[in-house]
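Taking it in order: structure first as structure tokens, then the write-up.
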2 protein chains.
Amino acid sequence: MSKLLTDLIEALRCLPGVGGKSAQRMAFHLLERDRERGMRLAHALEEAMQRVGNCSRCRNFSEDPVCPICASSSRDKQVLCVVESPTELAAIEQATGFRGQYFVLLGRLSPLDGLGPEELGLDLLAERLGSGEIEEMIIATNPTVEGEATAHYLAQLARAAGVKPSRLAHGVPLGGELEFVDRSTLAHAFGSRQTVR
Amino acid sequence: MSKLLTDLIEALRCLPGVGGKSAQRMAFHLLERDRERGMRLAHALEEAMQRVGNCSRCRNFSEDPVCPICASSSRDKQVLCVVESPTELAAIEQATGFRGQYFVLLGRLSPLDGLGPEELGLDLLAERLGSGEIEEMIIATNPTVEGEATAHYLAQLARAAGVKPSRLAHGVPLGGELEFVDRSTLAHAFGSRQTVR
């Protein structure tokens with residue numbers, strides 16, 4: 001097979017979920033049918049890889065020094081939602097009607113991996129909490145062991161600054177069947193049952 | 001979301017089998033973890049889209065005027081395998097021990113789509129058949145209506161040039177269960193049953 005083609009197939013495998021077979025199918029598809037869009041993808045990749053940095057206020061991905069959400073005058077500056085990564089920020093933006101601002105940790109507390117408060121930008125976060133503008137901090141770290149530990153630390157940070165910390169509710173997912181919900185989620189949902197009014 | 005990021009997600013959707021969700025996951029993955037490989041993919045794409053053309057002998061993808069298979073002195077020049085597209089050529093190369101040469105139609109006879117003998121390079125094929133070097137032409141078009149019509153046409157072309165045409169065997173796939181083989185394949189396999197020696 002042509003060397004450039006082999007190189008392309010190999011390079012496509014850097015995409016998550018793409019193995020040898022799919023990479024080959026993608027390469028042939030682009031070459032046979034869609035070279036123009038292939039070129040557009042090459043340019044979009046290059047631009048994004050080189051120019052997307054992090055917002056200086058919230059640490060989310062941004063090509064400008066301050067991202068559109070932080071720069072927006074229509075977002076509520078009194079509520080701050082803290083997430084682990086830009087992926088979770090995007091999920092919350094797409095699913096909820098949240099109109100406050102964000103802070104992205106770009107990781108979670110994990111001393112073994114060398115991720116401490118400094119790497120997560122917690123000095124920057126403490127500064128924002130200390131500004132007196134923020135009333136509530138929604139802690140939306142992932143429900144993993146490290147995420148929970150990070151949440152605990154963040155809650156202390158908020159309280160120290162006189163800001164009310166809150167967490168996402170745990171419970172049975174909508175549309176799921178109880179039979180397939182894992183034990184600990186079910187136990188938690190049972191314990192935190194709510195009175196029907 | 002950042003404009004460059006939105007552009008990248010949109011551009012990734014040109015890949016077959018990649019929808020909005022996967023495109024977003026791919027973009028975030030590259031930005032968060034693998035910018036270097038993202039850049040490498042951008043370059044591989046650009047190079048391939050711009051420089052991969054077609055071999056002047058067999059019409060397979062190639063960045064050189066003559067592809068490695070046509071240029072190889074160790075391939076058998078007496079057997080020529082005709083396929084519809086480079087994808088099928090790659091499949092045959094990977095699965096079989098075929099050591100002959102190829103001819104790629106880059107399509108199949110389809111008058112309604114404006115694909116006639118000229119578009120499929122059949123003049124080039126006739127020229128090769130007429131050279132007297134080829135003894136057998138293996139017709140490996142797809143087993144579709146148009147593929148079969150193309151195969152029929154190709155067989156005539158071969159016979160006219162005194163070359164023996166052959167086709168891939170049809171039958172029950174290996175490892176399959178008879179119960180799940182489609183009717184026409186089963187009927188064909190039944191009719192073409194072979195004596196066990």
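Residue numbering restarts at 1 for every chain of the structure tokens, chains are lettered A, B, ... in their displayed order, and ligands are numbered from 1 as they appear.
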Fill in: Sel. of strand (DSSP E or B) residues, stretch 78-136 of chain A, as a VMD selection string
chain A and resid 79 to 83 101 to 104 110 115 136
Discussion item. I'd like the contact shell of stretch 131-134 of chain B - 10 Å cut-off, only C-alpha atoms, skipping same-chain residues fewer than 4 positions apart - returned as a ChimeraX atom specification.
Written reply: /B:76-80,101,126-127,158,161-164
Quick one: write out the picked residues with N, CA and C atoms as a PDB file, in the first residue's frame?
ATOM      1  N   ASP B  76       3.530 -11.840 -10.126  1.00  0.00           N
ATOM      2  CA  ASP B  76       3.242 -12.616 -11.329  1.00  0.00           C
ATOM      3  C   ASP B  76       2.462 -11.772 -12.338  1.00  0.00           C
ATOM      4  N   LYS B  77       3.059 -11.526 -13.497  1.00  0.00           N
ATOM      5  CA  LYS B  77       2.409 -10.662 -14.488  1.00  0.00           C
ATOM      6  C   LYS B  77       1.404 -11.411 -15.352  1.00  0.00           C
ATOM      7  N   GLN B  78       1.275 -12.717 -15.147  1.00  0.00           N
ATOM      8  CA  GLN B  78       0.364 -13.507 -15.982  1.00  0.00           C
ATOM      9  C   GLN B  78      -1.057 -13.565 -15.434  1.00  0.00           C
ATOM     10  N   VAL B  79      -1.222 -13.175 -14.155  1.00  0.00           N
ATOM     11  CA  VAL B  79      -2.565 -13.190 -13.566  1.00  0.00           C
ATOM     12  C   VAL B  79      -2.949 -11.778 -13.173  1.00  0.00           C
ATOM     13  N   LEU B  80      -4.121 -11.334 -13.631  1.00  0.00           N
ATOM     14  CA  LEU B  80      -4.572  -9.979 -13.343  1.00  0.00           C
ATOM     15  C   LEU B  80      -5.904 -10.065 -12.602  1.00  0.00           C
ATOM     16  N   GLN B 101      -1.064  -9.310 -10.362  1.00  0.00           N
ATOM     17  CA  GLN B 101      -1.259  -7.866 -10.372  1.00  0.00           C
ATOM     18  C   GLN B 101      -2.746  -7.513 -10.386  1.00  0.00           C
ATOM     19  N   ALA B 126      -8.131  -3.122 -21.759  1.00  0.00           N
ATOM     20  CA  ALA B 126      -8.102  -3.865 -23.032  1.00  0.00           C
ATOM     21  C   ALA B 126      -6.673  -3.884 -23.586  1.00  0.00           C
ATOM     22  N   GLU B 127      -5.995  -2.755 -23.445  1.00  0.00           N
ATOM     23  CA  GLU B 127      -4.622  -2.639 -23.907  1.00  0.00           C
ATOM     24  C   GLU B 127      -3.722  -3.654 -23.187  1.00  0.00           C
ATOM     25  N   ALA B 158     -12.208 -10.169 -21.852  1.00  0.00           N
ATOM     26  CA  ALA B 158     -11.089 -11.092 -21.683  1.00  0.00           C
ATOM     27  C   ALA B 158     -11.073 -12.125 -22.801  1.00  0.00           C
ATOM     28  N   ALA B 161      -9.788 -11.105 -26.041  1.00  0.00           N
ATOM     29  CA  ALA B 161      -8.333 -10.941 -26.107  1.00  0.00           C
ATOM     30  C   ALA B 161      -7.611 -12.267 -25.904  1.00  0.00           C
ATOM     31  N   GLY B 162      -8.391 -13.375 -25.841  1.00  0.00           N
ATOM     32  CA  GLY B 162      -7.780 -14.685 -25.663  1.00  0.00           C
ATOM     33  C   GLY B 162      -7.257 -14.926 -24.255  1.00  0.00           C
ATOM     34  N   VAL B 163      -7.843 -14.226 -23.279  1.00  0.00           N
ATOM     35  CA  VAL B 163      -7.434 -14.393 -21.882  1.00  0.00           C
ATOM     36  C   VAL B 163      -8.532 -15.160 -21.153  1.00  0.00           C
ATOM     37  N   LYS B 164      -8.152 -16.097 -20.268  1.00  0.00           N
ATOM     38  CA  LYS B 164      -9.146 -16.895 -19.548  1.00  0.00           C
ATOM     39  C   LYS B 164      -9.746 -16.081 -18.394  1.00  0.00           C
TER      40      LYS B 164
END
Discussion item. What's around B:Arg33 at 12 Å? Count only C-alpha atoms, leave out sequence neighbours fewer than 2 positions away in its own chain, and write the answer as an NGL selection string.
Written reply: (:A and (14-16 or 49 or 85 or 106-107)) or (:B and (25-31 or 35-38))
Name the residues in contact with stretch 86-96 of chain B at a cut-off of 7 Å, using only C-alpha atoms, excluding same-chain residues fewer than 6 positions from it; report them as a short mmCIF file (atom, residue, chain, number, x, y, z; two decimals) with N, CA and C atoms, in the first residue's frame.
data_model
loop_
_atom_site.label_atom_id
_atom_site.label_comp_id
_atom_site.auth_asym_id
_atom_site.auth_seq_id
_atom_site.Cartn_x
_atom_site.Cartn_y
_atom_site.Cartn_z
N PHE A 28 -9.82 5.48 3.09
CA PHE A 28 -10.33 5.20 1.74
C PHE A 28 -11.53 6.09 1.42
N ASN B 60 -4.86 2.03 -9.00
CA ASN B 60 -4.95 1.99 -7.54
C ASN B 60 -4.39 3.30 -6.99
N PHE B 61 -4.71 3.63 -5.73
CA PHE B 61 -4.13 4.80 -5.10
C PHE B 61 -2.61 4.69 -5.10
N VAL B 104 -7.84 -1.64 -11.08
CA VAL B 104 -8.92 -1.07 -10.28
C VAL B 104 -9.85 -0.25 -11.17
#
Using only C-alpha atoms, tabulate the residues of chain A lying at most 6 Å from any atom of chain B, each with its closest atom pair and that distance in Å to one decimal, by chain and increasing residue number, as a tab-separated table.
residue	atom	partner	partner_atom	distance
A:Ser2	CA	B:Ser62	CA	5.4
A:Leu4	CA	B:Ala48	CA	5.5
A:Leu8	CA	B:Ala44	CA	5.0
A:Ala11	CA	B:Leu41	CA	5.0
A:Leu15	CA	B:Met26	CA	5.8
A:Pro16	CA	B:Met26	CA	6.0
A:Met26	CA	B:Leu15	CA	5.8
A:Arg35	CA	B:Met49	CA	5.6
A:Met39	CA	B:Glu46	CA	5.8
A:Leu41	CA	B:Ala11	CA	5.0
A:Ala42	CA	B:Ala42	CA	4.3
A:Ala44	CA	B:Leu8	CA	5.1
A:Leu45	CA	B:Ala42	CA	5.7
A:Glu46	CA	B:Ala42	CA	5.7
A:Ala48	CA	B:Leu4	CA	5.5
A:Met49	CA	B:Arg35	CA	5.6
A:Ser62	CA	B:Ser2	CA	5.4
Write the residues you've just listed into a file as a compact mmCIF listing (two decimals), in the first residue's frame, and include all heavy atoms for each of them.
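Ended up saving to part.txt:
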# COMPACT_ATOMS: atom_id res chain seq x y z
N SER A 2 0.40 2.30 -0.63
CA SER A 2 1.14 3.56 -0.73
C SER A 2 1.56 4.06 0.66
O SER A 2 0.81 3.94 1.63
CB SER A 2 0.26 4.60 -1.41
OG SER A 2 0.19 5.79 -0.71
N LEU A 4 2.02 7.11 1.92
CA LEU A 4 1.21 8.20 2.47
C LEU A 4 -0.10 7.66 3.02
O LEU A 4 -0.61 8.14 4.02
CB LEU A 4 0.93 9.24 1.38
CG LEU A 4 2.12 10.05 0.89
CD1 LEU A 4 1.69 11.03 -0.18
CD2 LEU A 4 2.76 10.80 2.05
N LEU A 8 -1.40 7.75 6.82
CA LEU A 8 -2.70 8.34 7.19
C LEU A 8 -3.49 7.37 8.05
O LEU A 8 -4.05 7.76 9.08
CB LEU A 8 -3.49 8.69 5.91
CG LEU A 8 -4.91 9.19 6.13
CD1 LEU A 8 -4.93 10.41 7.04
CD2 LEU A 8 -5.58 9.52 4.80
N ALA A 11 -2.05 7.34 11.45
CA ALA A 11 -2.32 8.59 12.17
C ALA A 11 -3.77 8.66 12.65
O ALA A 11 -4.05 9.17 13.74
CB ALA A 11 -2.00 9.79 11.29
N LEU A 15 -7.30 8.68 17.09
CA LEU A 15 -8.65 9.06 17.51
C LEU A 15 -9.23 8.00 18.42
O LEU A 15 -9.08 6.81 18.15
CB LEU A 15 -9.55 9.24 16.28
CG LEU A 15 -9.12 10.34 15.31
CD1 LEU A 15 -9.96 10.29 14.05
CD2 LEU A 15 -9.22 11.71 15.97
N PRO A 16 -9.89 8.40 19.51
CA PRO A 16 -10.44 7.41 20.44
C PRO A 16 -11.51 6.57 19.76
O PRO A 16 -12.35 7.10 19.03
CB PRO A 16 -11.03 8.26 21.56
CG PRO A 16 -11.25 9.61 20.96
CD PRO A 16 -10.21 9.79 19.92
N MET A 26 -11.90 4.93 6.95
CA MET A 26 -11.94 6.39 6.92
C MET A 26 -11.01 6.94 5.84
O MET A 26 -11.39 7.82 5.07
CB MET A 26 -11.49 6.94 8.28
CG MET A 26 -12.51 6.75 9.37
SD MET A 26 -11.85 7.19 11.00
CE MET A 26 -13.37 7.13 11.97
N ARG A 35 -12.17 14.42 -0.76
CA ARG A 35 -10.86 15.02 -0.50
C ARG A 35 -10.96 16.44 0.03
O ARG A 35 -10.16 16.88 0.83
CB ARG A 35 -10.02 15.03 -1.78
CG ARG A 35 -9.70 13.63 -2.23
CD ARG A 35 -8.44 13.59 -3.04
NE ARG A 35 -8.27 12.23 -3.53
CZ ARG A 35 -7.12 11.69 -3.87
NH1 ARG A 35 -6.02 12.41 -3.79
NH2 ARG A 35 -7.05 10.45 -4.28
N MET A 39 -9.31 17.83 3.44
CA MET A 39 -8.42 18.98 3.57
C MET A 39 -8.94 19.92 4.65
O MET A 39 -8.17 20.47 5.44
CB MET A 39 -8.34 19.75 2.24
CG MET A 39 -7.40 19.14 1.23
SD MET A 39 -5.72 18.92 1.86
CE MET A 39 -5.18 20.63 1.93
N LEU A 41 -10.69 19.13 7.21
CA LEU A 41 -10.41 18.51 8.51
C LEU A 41 -8.95 18.73 8.91
O LEU A 41 -8.64 19.05 10.05
CB LEU A 41 -10.73 17.02 8.46
CG LEU A 41 -10.35 16.20 9.69
CD1 LEU A 41 -10.98 16.77 10.95
CD2 LEU A 41 -10.77 14.74 9.52
N ALA A 42 -8.04 18.59 7.93
CA ALA A 42 -6.62 18.80 8.22
C ALA A 42 -6.39 20.21 8.75
O ALA A 42 -5.69 20.40 9.76
CB ALA A 42 -5.79 18.57 6.95
N ALA A 44 -8.66 22.30 10.12
CA ALA A 44 -9.35 22.50 11.41
C ALA A 44 -8.52 21.90 12.54
O ALA A 44 -8.39 22.49 13.62
CB ALA A 44 -10.74 21.87 11.36
N LEU A 45 -7.93 20.71 12.28
CA LEU A 45 -7.10 20.05 13.29
C LEU A 45 -5.88 20.91 13.61
O LEU A 45 -5.57 21.16 14.79
CB LEU A 45 -6.60 18.71 12.74
CG LEU A 45 -7.41 17.48 13.05
CD1 LEU A 45 -6.89 16.31 12.22
CD2 LEU A 45 -7.32 17.14 14.52
N GLU A 46 -5.21 21.36 12.57
CA GLU A 46 -3.99 22.13 12.76
C GLU A 46 -4.27 23.41 13.55
O GLU A 46 -3.59 23.71 14.54
CB GLU A 46 -3.39 22.47 11.39
CG GLU A 46 -1.96 22.91 11.47
CD GLU A 46 -1.32 23.03 10.09
OE1 GLU A 46 -1.89 22.51 9.11
OE2 GLU A 46 -0.26 23.68 10.01
N ALA A 48 -6.84 24.10 15.52
CA ALA A 48 -7.26 23.84 16.90
C ALA A 48 -6.08 23.41 17.76
O ALA A 48 -5.89 23.90 18.88
CB ALA A 48 -8.36 22.78 16.92
N MET A 49 -5.24 22.49 17.23
CA MET A 49 -4.12 21.99 18.03
C MET A 49 -3.15 23.12 18.37
O MET A 49 -2.56 23.14 19.44
CB MET A 49 -3.36 20.89 17.28
CG MET A 49 -4.16 19.63 17.02
SD MET A 49 -4.78 18.86 18.51
CE MET A 49 -6.51 18.71 18.13
N SER A 62 -10.07 27.70 25.09
CA SER A 62 -10.43 28.97 24.46
C SER A 62 -9.30 29.43 23.58
O SER A 62 -8.13 29.26 23.91
CB SER A 62 -10.70 30.02 25.55
OG SER A 62 -10.88 31.28 24.96
Item to complete: Counting only C-alpha atoms, figure out which residue out of B:Cys81, B:Cys55, B:Leu125, B:Ile139 gets nearest to B:Arg99.
Response: B:Cys81
